[in-house]
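See below for start01.csv, which holds CSV, C-alpha atoms.
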```
chain,number,residue,atom,x,y,z
H,55,MET,CA,-12.4,9.3,32.1
H,56,THR,CA,-12.6,5.8,30.7
H,57,ASN,CA,-9.3,3.9,30.4
H,58,HIS,CA,-7.5,0.7,30.6
H,59,ALA,CA,-5.6,0.4,33.8
H,60,SER,CA,-2.7,-1.1,32.1
H,61,ALA,CA,-2.4,1.8,29.6
H,62,HIS,CA,-1.2,4.1,32.3
H,63,SER,CA,1.0,1.7,34.2
H,64,THR,CA,4.3,3.3,35.0
H,65,SER,CA,6.1,0.2,33.7
H,66,ILE,CA,4.8,0.6,30.2
H,67,VAL,CA,6.8,2.7,27.7
H,68,ASN,CA,6.2,3.5,24.1
H,69,HIS,CA,8.9,1.9,21.8
H,70,GLN,CA,9.4,3.8,18.6
H,71,VAL,CA,11.4,3.7,15.3
H,72,ARG,CA,12.7,7.1,14.3
H,73,LEU,CA,14.4,8.3,11.1
H,74,ALA,CA,18.0,9.0,12.0
H,75,ALA,CA,19.4,9.8,8.6
H,76,ARG,CA,18.2,10.2,5.0
H,77,PRO,CA,19.0,7.0,3.2
H,78,VAL,CA,21.2,6.9,0.1
H,79,GLY,CA,20.0,3.9,-1.9
H,80,LEU,CA,18.6,1.2,0.2
H,81,PRO,CA,17.9,2.1,3.9
H,82,LYS,CA,20.7,0.9,6.2
H,83,PRO,CA,20.4,0.0,9.9
H,84,THR,CA,22.1,3.3,10.8
H,85,ASP,CA,19.3,5.2,9.1
H,86,TRP,CA,17.1,4.3,12.1
H,87,LYS,CA,17.1,4.9,15.8
H,88,LEU,CA,15.1,2.8,18.2
H,89,THR,CA,13.8,5.0,21.1
H,90,GLU,CA,11.4,4.8,24.0
H,91,GLU,CA,9.4,7.3,25.9
H,92,PRO,CA,6.7,7.3,28.6
H,93,LEU,CA,3.1,6.9,27.5
H,94,PRO,CA,1.5,10.3,26.9
H,95,GLN,CA,-1.2,11.6,29.2
H,96,VAL,CA,-4.7,11.4,27.6
H,97,GLY,CA,-6.2,14.9,27.8
H,98,GLU,CA,-9.7,16.1,27.2
H,99,GLY,CA,-10.9,15.1,23.7
H,100,ALA,CA,-8.0,12.7,23.1
H,101,TYR,CA,-7.6,9.0,22.9
H,102,LEU,CA,-4.7,6.5,23.0
H,103,VAL,CA,-4.4,3.8,20.4
H,104,LYS,CA,-2.3,0.6,20.9
H,105,THR,CA,-0.8,-0.4,17.6
H,106,LEU,CA,-1.6,-3.9,16.6
H,107,MET,CA,-0.4,-4.0,13.0
H,108,LEU,CA,1.4,-1.7,10.6
H,109,SER,CA,1.3,-1.4,6.8
H,110,LEU,CA,4.7,-1.6,5.1
H,111,ASP,CA,4.5,0.1,1.7
H,112,PRO,CA,7.0,1.0,-1.1
H,113,ALA,CA,5.8,4.6,-0.8
H,114,MET,CA,7.7,4.8,2.6
H,115,ARG,CA,11.0,5.0,0.7
H,116,GLY,CA,9.9,8.2,-0.9
H,117,TRP,CA,8.7,9.7,2.4
H,118,MET,CA,12.3,9.4,3.7
H,119,ASN,CA,13.7,11.7,1.0
H,120,GLU,CA,14.0,15.4,1.4
H,121,GLY,CA,12.3,17.5,-1.3
H,122,LYS,CA,8.9,18.4,-2.8
H,123,SER,CA,6.4,15.6,-3.1
H,124,TYR,CA,2.7,14.9,-2.6
H,125,ILE,CA,3.3,14.7,1.1
H,126,PRO,CA,6.0,16.3,3.3
H,127,PRO,CA,9.0,14.1,4.1
H,128,VAL,CA,9.4,12.5,7.5
H,129,GLY,CA,11.6,14.8,9.5
H,130,LEU,CA,15.0,13.6,10.9
H,131,GLY,CA,14.4,12.4,14.4
H,132,GLU,CA,10.7,11.9,13.8
H,133,VAL,CA,8.8,8.6,14.3
H,134,MET,CA,8.7,6.9,10.9
H,135,ARG,CA,5.4,7.5,9.2
H,136,ALA,CA,3.2,4.4,8.7
H,137,GLY,CA,-0.5,3.5,8.5
H,138,GLY,CA,-1.8,0.9,10.9
H,139,VAL,CA,-4.6,-0.6,12.8
H,140,GLY,CA,-5.0,-0.6,16.5
H,141,ARG,CA,-7.4,-0.5,19.5
H,142,VAL,CA,-8.3,2.4,21.7
H,143,VAL,CA,-6.9,1.6,25.2
H,144,ALA,CA,-7.6,5.0,27.0
H,145,SER,CA,-10.1,7.7,26.0
H,146,ARG,CA,-11.5,11.0,26.8
H,147,GLN,CA,-13.2,11.2,23.4
H,148,PRO,CA,-16.8,10.0,23.4
H,149,ASP,CA,-16.7,9.1,19.7
H,150,TYR,CA,-13.8,6.7,20.2
H,151,PRO,CA,-14.5,4.8,23.5
H,152,VAL,CA,-12.1,2.2,24.9
H,153,GLY,CA,-12.2,-1.0,22.7
H,154,THR,CA,-12.8,0.8,19.4
H,155,TYR,CA,-10.7,-0.5,16.5
H,156,VAL,CA,-9.3,2.1,14.2
H,157,SER,CA,-7.2,2.5,11.1
H,158,ALA,CA,-5.0,5.5,11.3
H,159,GLY,CA,-1.5,7.0,10.6
H,160,LEU,CA,-0.1,5.4,13.8
H,161,GLY,CA,3.6,5.6,12.9
H,162,VAL,CA,6.2,2.9,13.6
H,163,GLN,CA,5.5,2.8,17.4
H,164,GLU,CA,3.6,0.9,20.0
H,165,TYR,CA,1.1,3.6,20.9
H,166,ARG,CA,-0.2,6.8,19.3
H,167,LEU,CA,-2.1,9.6,21.1
H,168,ILE,CA,-4.7,11.2,18.8
H,169,ASP,CA,-6.0,14.6,19.9
H,170,SER,CA,-7.3,17.8,18.3
H,171,SER,CA,-3.7,18.8,17.3
H,172,ASN,CA,-3.1,15.8,15.1
H,173,ALA,CA,-6.5,14.1,14.4
H,174,HIS,CA,-6.7,15.4,10.8
H,175,HIS,CA,-3.1,14.2,10.1
H,176,ALA,CA,-3.8,10.8,11.7
H,177,GLY,CA,-6.8,10.3,9.5
H,178,ALA,CA,-8.4,7.9,12.0
H,179,MET,CA,-11.3,5.8,10.8
H,180,LYS,CA,-13.3,3.2,12.8
H,181,ILE,CA,-13.0,-0.3,11.5
H,182,ASP,CA,-15.0,-3.4,12.1
H,183,PRO,CA,-13.0,-6.6,12.7
H,184,THR,CA,-16.1,-8.7,12.3
H,185,VAL,CA,-16.3,-7.6,8.6
H,186,ALA,CA,-12.7,-8.9,7.9
H,187,PRO,CA,-9.6,-9.7,9.9
H,188,LEU,CA,-7.4,-6.8,11.0
H,189,GLU,CA,-4.7,-7.5,8.4
H,190,LYS,CA,-7.3,-7.1,5.6
H,191,TRP,CA,-7.9,-3.5,6.8
H,192,LEU,CA,-4.3,-2.8,5.8
H,193,ASN,CA,-4.7,-4.5,2.4
H,194,ALA,CA,-7.9,-4.8,0.4
H,195,LEU,CA,-9.9,-2.7,2.8
H,196,GLY,CA,-7.0,-0.3,3.5
H,197,MET,CA,-4.8,2.1,1.6
H,198,PRO,CA,-3.6,-0.5,-1.0
H,199,GLY,CA,-7.1,-1.5,-1.8
H,200,MET,CA,-8.3,2.1,-2.1
H,201,THR,CA,-5.3,2.8,-4.4
H,202,GLY,CA,-6.1,-0.1,-6.7
H,203,TYR,CA,-9.8,0.5,-6.7
H,204,PHE,CA,-9.8,4.3,-7.5
H,205,GLY,CA,-6.6,4.1,-9.6
H,206,LEU,CA,-8.1,1.5,-11.9
H,207,LEU,CA,-11.7,2.7,-12.0
H,208,ASP,CA,-11.3,6.5,-11.9
H,209,VAL,CA,-8.0,6.9,-13.7
H,210,GLY,CA,-7.8,3.7,-15.8
H,211,GLN,CA,-11.5,3.7,-16.7
H,212,PRO,CA,-11.6,0.1,-17.9
H,213,LYS,CA,-14.4,-1.2,-20.1
H,214,ALA,CA,-15.6,-4.7,-20.4
H,215,GLY,CA,-13.7,-6.7,-23.0
H,216,GLU,CA,-10.5,-4.5,-22.7
H,217,THR,CA,-7.1,-5.8,-21.8
H,218,VAL,CA,-5.7,-4.6,-18.5
H,219,VAL,CA,-2.0,-5.3,-17.5
H,220,VAL,CA,-0.8,-4.7,-14.0
H,221,SER,CA,2.8,-4.9,-12.7
H,222,GLY,CA,3.5,-5.9,-9.1
H,223,ALA,CA,0.6,-8.2,-9.7
H,224,SER,CA,0.9,-10.2,-6.5
H,225,GLY,CA,1.6,-7.2,-4.3
H,226,ALA,CA,-1.0,-5.4,-2.2
H,227,VAL,CA,-2.2,-2.9,-4.9
H,228,GLY,CA,-1.8,-5.3,-7.8
H,229,GLN,CA,-4.1,-7.9,-6.1
H,230,THR,CA,-6.9,-5.4,-6.0
H,231,VAL,CA,-6.4,-4.0,-9.5
H,232,GLY,CA,-6.5,-7.4,-11.2
H,233,GLN,CA,-9.5,-8.7,-9.3
H,234,VAL,CA,-11.5,-5.5,-9.8
H,235,ALA,CA,-10.6,-5.5,-13.5
H,236,LYS,CA,-11.9,-9.1,-13.8
H,237,LEU,CA,-15.1,-8.2,-12.0
H,238,LYS,CA,-15.6,-5.4,-14.6
H,239,GLY,CA,-15.3,-7.9,-17.5
H,240,CYS,CA,-11.7,-7.3,-18.6
H,241,ARG,CA,-8.9,-9.6,-19.7
H,242,VAL,CA,-6.2,-9.3,-17.1
H,243,VAL,CA,-2.5,-10.0,-17.4
H,244,GLY,CA,-0.2,-9.7,-14.4
H,245,ILE,CA,3.5,-9.2,-14.2
H,246,ALA,CA,5.3,-10.6,-11.1
H,247,GLY,CA,8.7,-11.7,-10.0
H,248,SER,CA,8.5,-15.5,-9.6
H,249,LYS,CA,6.7,-18.6,-10.8
H,250,ALA,CA,5.0,-18.9,-7.3
H,251,LYS,CA,3.7,-15.4,-7.5
H,252,CYS,CA,2.4,-15.9,-11.0
H,253,ASP,CA,0.7,-19.1,-10.1
H,254,PHE,CA,-1.0,-17.3,-7.2
H,255,VAL,CA,-2.4,-14.5,-9.3
H,256,VAL,CA,-3.7,-16.9,-12.0
H,257,ARG,CA,-5.0,-19.7,-9.8
H,258,GLU,CA,-6.2,-17.8,-6.7
H,259,LEU,CA,-6.9,-14.3,-7.9
H,260,GLY,CA,-8.3,-15.3,-11.3
H,261,PHE,CA,-6.0,-13.4,-13.7
H,262,ASP,CA,-6.0,-14.7,-17.3
H,263,ALA,CA,-2.2,-14.9,-17.4
H,264,CYS,CA,0.9,-13.7,-15.6
H,265,ILE,CA,4.4,-13.0,-16.8
H,266,ASP,CA,7.4,-13.8,-14.6
H,267,TYR,CA,9.7,-10.9,-15.5
H,268,ARG,CA,12.7,-12.6,-13.9
H,269,ALA,CA,12.5,-15.7,-16.1
H,270,SER,CA,11.2,-14.4,-19.4
H,271,ASP,CA,11.4,-11.7,-22.1
H,272,VAL,CA,8.6,-9.3,-21.0
H,273,ARG,CA,8.1,-7.9,-24.5
H,274,GLU,CA,7.7,-11.3,-26.1
H,275,GLU,CA,5.3,-12.4,-23.3
H,276,LEU,CA,3.2,-9.3,-23.7
H,277,LYS,CA,2.9,-10.1,-27.4
H,278,ALA,CA,1.7,-13.6,-26.6
H,279,HIS,CA,-0.7,-12.8,-23.8
H,280,CYS,CA,-2.0,-9.5,-25.1
H,281,PRO,CA,-2.7,-10.3,-28.8
H,282,LYS,CA,-5.2,-7.4,-29.1
H,283,GLY,CA,-2.8,-5.0,-27.4
H,284,ILE,CA,-3.1,-3.2,-24.1
H,285,ASP,CA,-5.9,-0.8,-23.2
H,286,VAL,CA,-5.1,-0.1,-19.5
H,287,TYR,CA,-1.7,-0.5,-17.8
H,288,PHE,CA,-1.5,0.0,-14.1
H,289,ASP,CA,2.1,0.7,-13.3
H,290,ASN,CA,3.7,-0.1,-9.9
H,291,VAL,CA,7.3,-0.6,-11.0
H,292,GLY,CA,8.4,1.8,-13.7
H,293,GLY,CA,11.7,1.3,-15.5
H,294,GLU,CA,12.2,-1.4,-18.2
H,295,ILE,CA,8.7,-2.9,-17.7
H,296,LEU,CA,7.0,0.4,-18.3
H,297,ASP,CA,9.1,0.7,-21.5
H,298,ALA,CA,8.1,-2.8,-22.7
H,299,VAL,CA,4.4,-2.1,-22.1
H,300,LEU,CA,4.5,1.2,-24.1
H,301,THR,CA,5.4,-0.8,-27.2
H,302,ARG,CA,2.1,-2.7,-27.0
H,303,ILE,CA,-0.5,0.0,-26.1
H,304,ASN,CA,-3.6,0.5,-28.1
H,305,LEU,CA,-5.3,3.7,-29.5
H,306,LYS,CA,-6.6,5.8,-26.5
H,307,ALA,CA,-4.8,3.5,-23.9
H,308,ARG,CA,-4.7,4.7,-20.3
H,309,ILE,CA,-1.6,4.3,-18.2
H,310,VAL,CA,-2.0,4.7,-14.5
H,311,ILE,CA,1.3,5.7,-12.8
H,312,CYS,CA,0.9,4.5,-9.2
H,313,GLY,CA,4.5,3.8,-8.3
H,314,ALA,CA,8.0,3.0,-9.6
H,315,ILE,CA,9.5,0.6,-7.1
H,316,SER,CA,12.3,-0.3,-9.5
H,317,GLN,CA,13.6,3.3,-9.2
H,318,TYR,CA,13.1,4.2,-5.5
H,319,ASN,CA,16.5,3.3,-4.3
H,320,ASN,CA,18.5,4.7,-7.2
H,321,THR,CA,21.6,6.6,-6.4
H,322,THR,CA,21.5,8.0,-10.0
H,323,PRO,CA,18.6,10.0,-11.6
H,324,VAL,CA,15.3,8.2,-12.0
H,325,ARG,CA,15.1,6.5,-15.4
H,326,GLY,CA,12.1,7.9,-17.4
H,327,PRO,CA,10.2,6.1,-20.2
H,328,SER,CA,12.3,6.0,-23.4
H,329,ASN,CA,9.3,4.8,-25.4
H,330,TYR,CA,7.0,7.7,-24.4
H,331,LEU,CA,6.4,8.7,-28.1
H,332,SER,CA,4.0,5.7,-28.2
H,333,LEU,CA,1.7,8.0,-26.2
H,334,LEU,CA,1.6,10.4,-29.1
H,335,VAL,CA,1.2,7.8,-31.8
H,336,ASN,CA,-1.6,6.1,-29.9
H,337,ARG,CA,-3.2,9.3,-28.5
H,338,ALA,CA,-2.9,7.6,-25.2
H,339,ARG,CA,-2.6,9.2,-21.8
H,340,MET,CA,-0.4,8.6,-18.8
H,341,GLU,CA,-1.6,9.9,-15.4
H,342,GLY,CA,-0.3,9.8,-11.9
H,343,MET,CA,-2.6,8.9,-9.0
H,344,VAL,CA,-2.2,9.5,-5.2
H,345,VAL,CA,-4.7,7.7,-3.1
H,346,PHE,CA,-5.1,10.5,-0.5
H,347,ASP,CA,-7.0,12.5,-3.2
H,348,TYR,CA,-9.8,10.0,-2.8
H,349,ALA,CA,-10.0,10.0,1.1
H,350,ALA,CA,-13.6,11.3,1.1
H,351,ARG,CA,-14.7,8.3,-1.0
H,352,TYR,CA,-12.9,5.5,0.9
H,353,PRO,CA,-16.3,4.2,2.3
H,354,GLU,CA,-17.5,3.7,-1.3
H,355,ALA,CA,-14.6,1.4,-2.1
H,356,ILE,CA,-14.7,-0.4,1.3
H,357,GLU,CA,-18.3,-1.2,0.8
H,358,ALA,CA,-17.8,-2.6,-2.7
H,359,ILE,CA,-14.7,-4.7,-1.8
H,360,ALA,CA,-16.3,-6.0,1.5
H,361,GLN,CA,-19.4,-7.1,-0.5
H,362,TRP,CA,-17.2,-8.9,-3.1
H,363,MET,CA,-15.3,-10.6,-0.2
H,364,LYS,CA,-18.6,-11.7,1.4
H,365,GLN,CA,-19.8,-13.1,-1.9
H,366,GLY,CA,-16.5,-15.0,-2.4
H,367,GLN,CA,-15.5,-13.0,-5.5
H,368,PHE,CA,-12.5,-11.3,-4.0
H,369,THR,CA,-9.6,-12.5,-1.9
H,370,SER,CA,-6.3,-11.1,-0.6
H,371,ARG,CA,-3.0,-12.4,0.7
H,372,GLU,CA,-0.9,-10.9,3.5
H,373,ASP,CA,2.7,-11.6,4.5
H,374,ILE,CA,2.9,-10.9,8.2
H,375,VAL,CA,6.1,-10.4,10.2
H,376,ASP,CA,6.2,-10.1,14.0
H,377,GLY,CA,7.9,-7.4,16.1
H,378,LEU,CA,8.5,-3.7,16.0
H,379,ASN,CA,12.3,-4.2,16.1
H,380,ALA,CA,12.0,-6.2,12.9
H,381,PHE,CA,10.9,-3.0,11.0
H,382,PRO,CA,14.3,-2.0,9.4
H,383,ASP,CA,15.0,-5.5,8.0
H,384,THR,CA,11.3,-6.2,7.0
H,385,LEU,CA,11.0,-3.0,5.1
H,386,LEU,CA,13.8,-4.1,2.8
H,387,ARG,CA,11.8,-7.1,1.7
H,388,LEU,CA,9.7,-4.8,-0.4
H,389,PHE,CA,12.6,-3.9,-2.6
H,390,SER,CA,14.1,-7.3,-3.0
H,391,GLY,CA,10.7,-8.8,-3.9
H,392,GLU,CA,11.0,-11.2,-1.0
H,393,ASN,CA,7.5,-10.4,0.3
H,394,PHE,CA,4.6,-12.4,-1.0
H,395,GLY,CA,1.4,-10.4,-0.8
H,396,LYS,CA,0.7,-7.4,1.3
H,397,LEU,CA,3.6,-6.8,3.8
H,398,VAL,CA,2.3,-6.3,7.4
H,399,LEU,CA,4.3,-5.8,10.6
H,400,ARG,CA,2.5,-7.2,13.6
H,401,VAL,CA,3.5,-5.0,16.6
H,402,ALA,CA,1.2,-6.7,19.2
H,403,ARG,CA,-1.4,-9.4,19.4
H,404,ASP,CA,-4.9,-8.2,20.3
```

Serialized structure, structure tokens:
Amino acid sequence: MTNHASAHSTSIVNHQVRLAARPVGLPKPTDWKLTEEPLPQVGEGAYLVKTLMLSLDPAMRGWMNEGKSYIPPVGLGEVMRAGGVGRVVASRQPDYPVGTYVSAGLGVQEYRLIDSSNAHHAGAMKIDPTVAPLEKWLNALGMPGMTGYFGLLDVGQPKAGETVVVSGASGAVGQTVGQVAKLKGCRVVGIAGSKAKCDFVVRELGFDACIDYRASDVREELKAHCPKGIDVYFDNVGGEILDAVLTRINLKARIVICGAISQYNNTTPVRGPSNYLSLLVNRARMEGMVVFDYAARYPEAIEAIAQWMKQGQFTSREDIVDGLNAFPDTLLRLFSGENFGKLVLRVARD
């Protein structure tokens, strides 16, 4: 057996964040329980991953709710679900020797044992930190990047010369959507929640324009910045902004429903689109997308985005917060719009 001596030190425990109660509205401190347990034994065919960074995503809020969805809810008392990157520190699995870097469903904890009982669920994939820093593997080369890439290209199907609008433009998914749309020859208009975020997406990501929804009338700004109407709308927020966009769509427009962060913490029913008849008038379509459907094709997107990065045609921004114990407060930054870029929790330094 190959292992790191420190990985089996009796003094090391695995600190974890577990779901203690189903949140009503925004998650509260009492919805979480901080626990610890001994490091698991590494059996035949298994390997132990030390968590280095975790991805904090708006989708996590939906995973806490009971009820039917595209993925089962996190059970009460279970470690909170989260994707992350880490390094193998003990192994009895030849394909994942000690020192291998992986991206996997690690959960909000310091260590994750991956074996035959949970390997499929963990979805581990080897990653190369020489291609891009680890945090990029949680952003453009991770689930948000895969979401933006396949959601835009497969569902949105943009054509050169068309106008693409993306909400949550400075966030993890929005960054990828806008840059890929530009690379495909589209006019790209972002919607974000501050002047600083709008400046970032225009100056650093290359969007043609950006609307600060907190400081302007979104409908009027869409008229000004999308004079030829909207062909593709990539929606991360739902609510009033989706309604505003529906008034500007073109014939045969495509609306990609990726998320609805404005609705996730509602204590009242989700607000649906009141301008949906625009879909009828314009023979447009609105289609939901879940990134896990494209898992078999992730290497395709990773190769394309990594190549654009290498050529200096693609960039990404991460907002990194340190410490496992900071998870409950840090998660809330997603819903206040406080984060700037892809929100990452650094659990340990490599």

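Here CA of Pro77 in chain H stands at a distance of 26.6 Å from CA of Val139 in chain H.
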
Original post:
Quick one: of H:Thr217, H:Lys87, H:Val286, H:Val152, who's nearest to Leu130 in chain H, counting only C-alpha atoms?
Top reply: H:Lys87

Subject >> Best match for closeness to Ala350 in chain H among H:Phe389, H:Phe204, H:Tyr165, H:Tyr330, counting all atoms listed in the file >> reply: H:Phe204

**OP:** Within 8 Å of Val299 in chain H, counting all atoms listed in the file, which residues show up once you throw out same-chain ones fewer than 3 positions away? Write them as a count of residues only, please.
**Re:** 8

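Distance annotation: of H:Ser171, H:Asn68, H:Thr105, H:Ser270, the residue with the minimal separation from Asp404 in chain H is H:Thr105; atom set is only C-alpha atoms.
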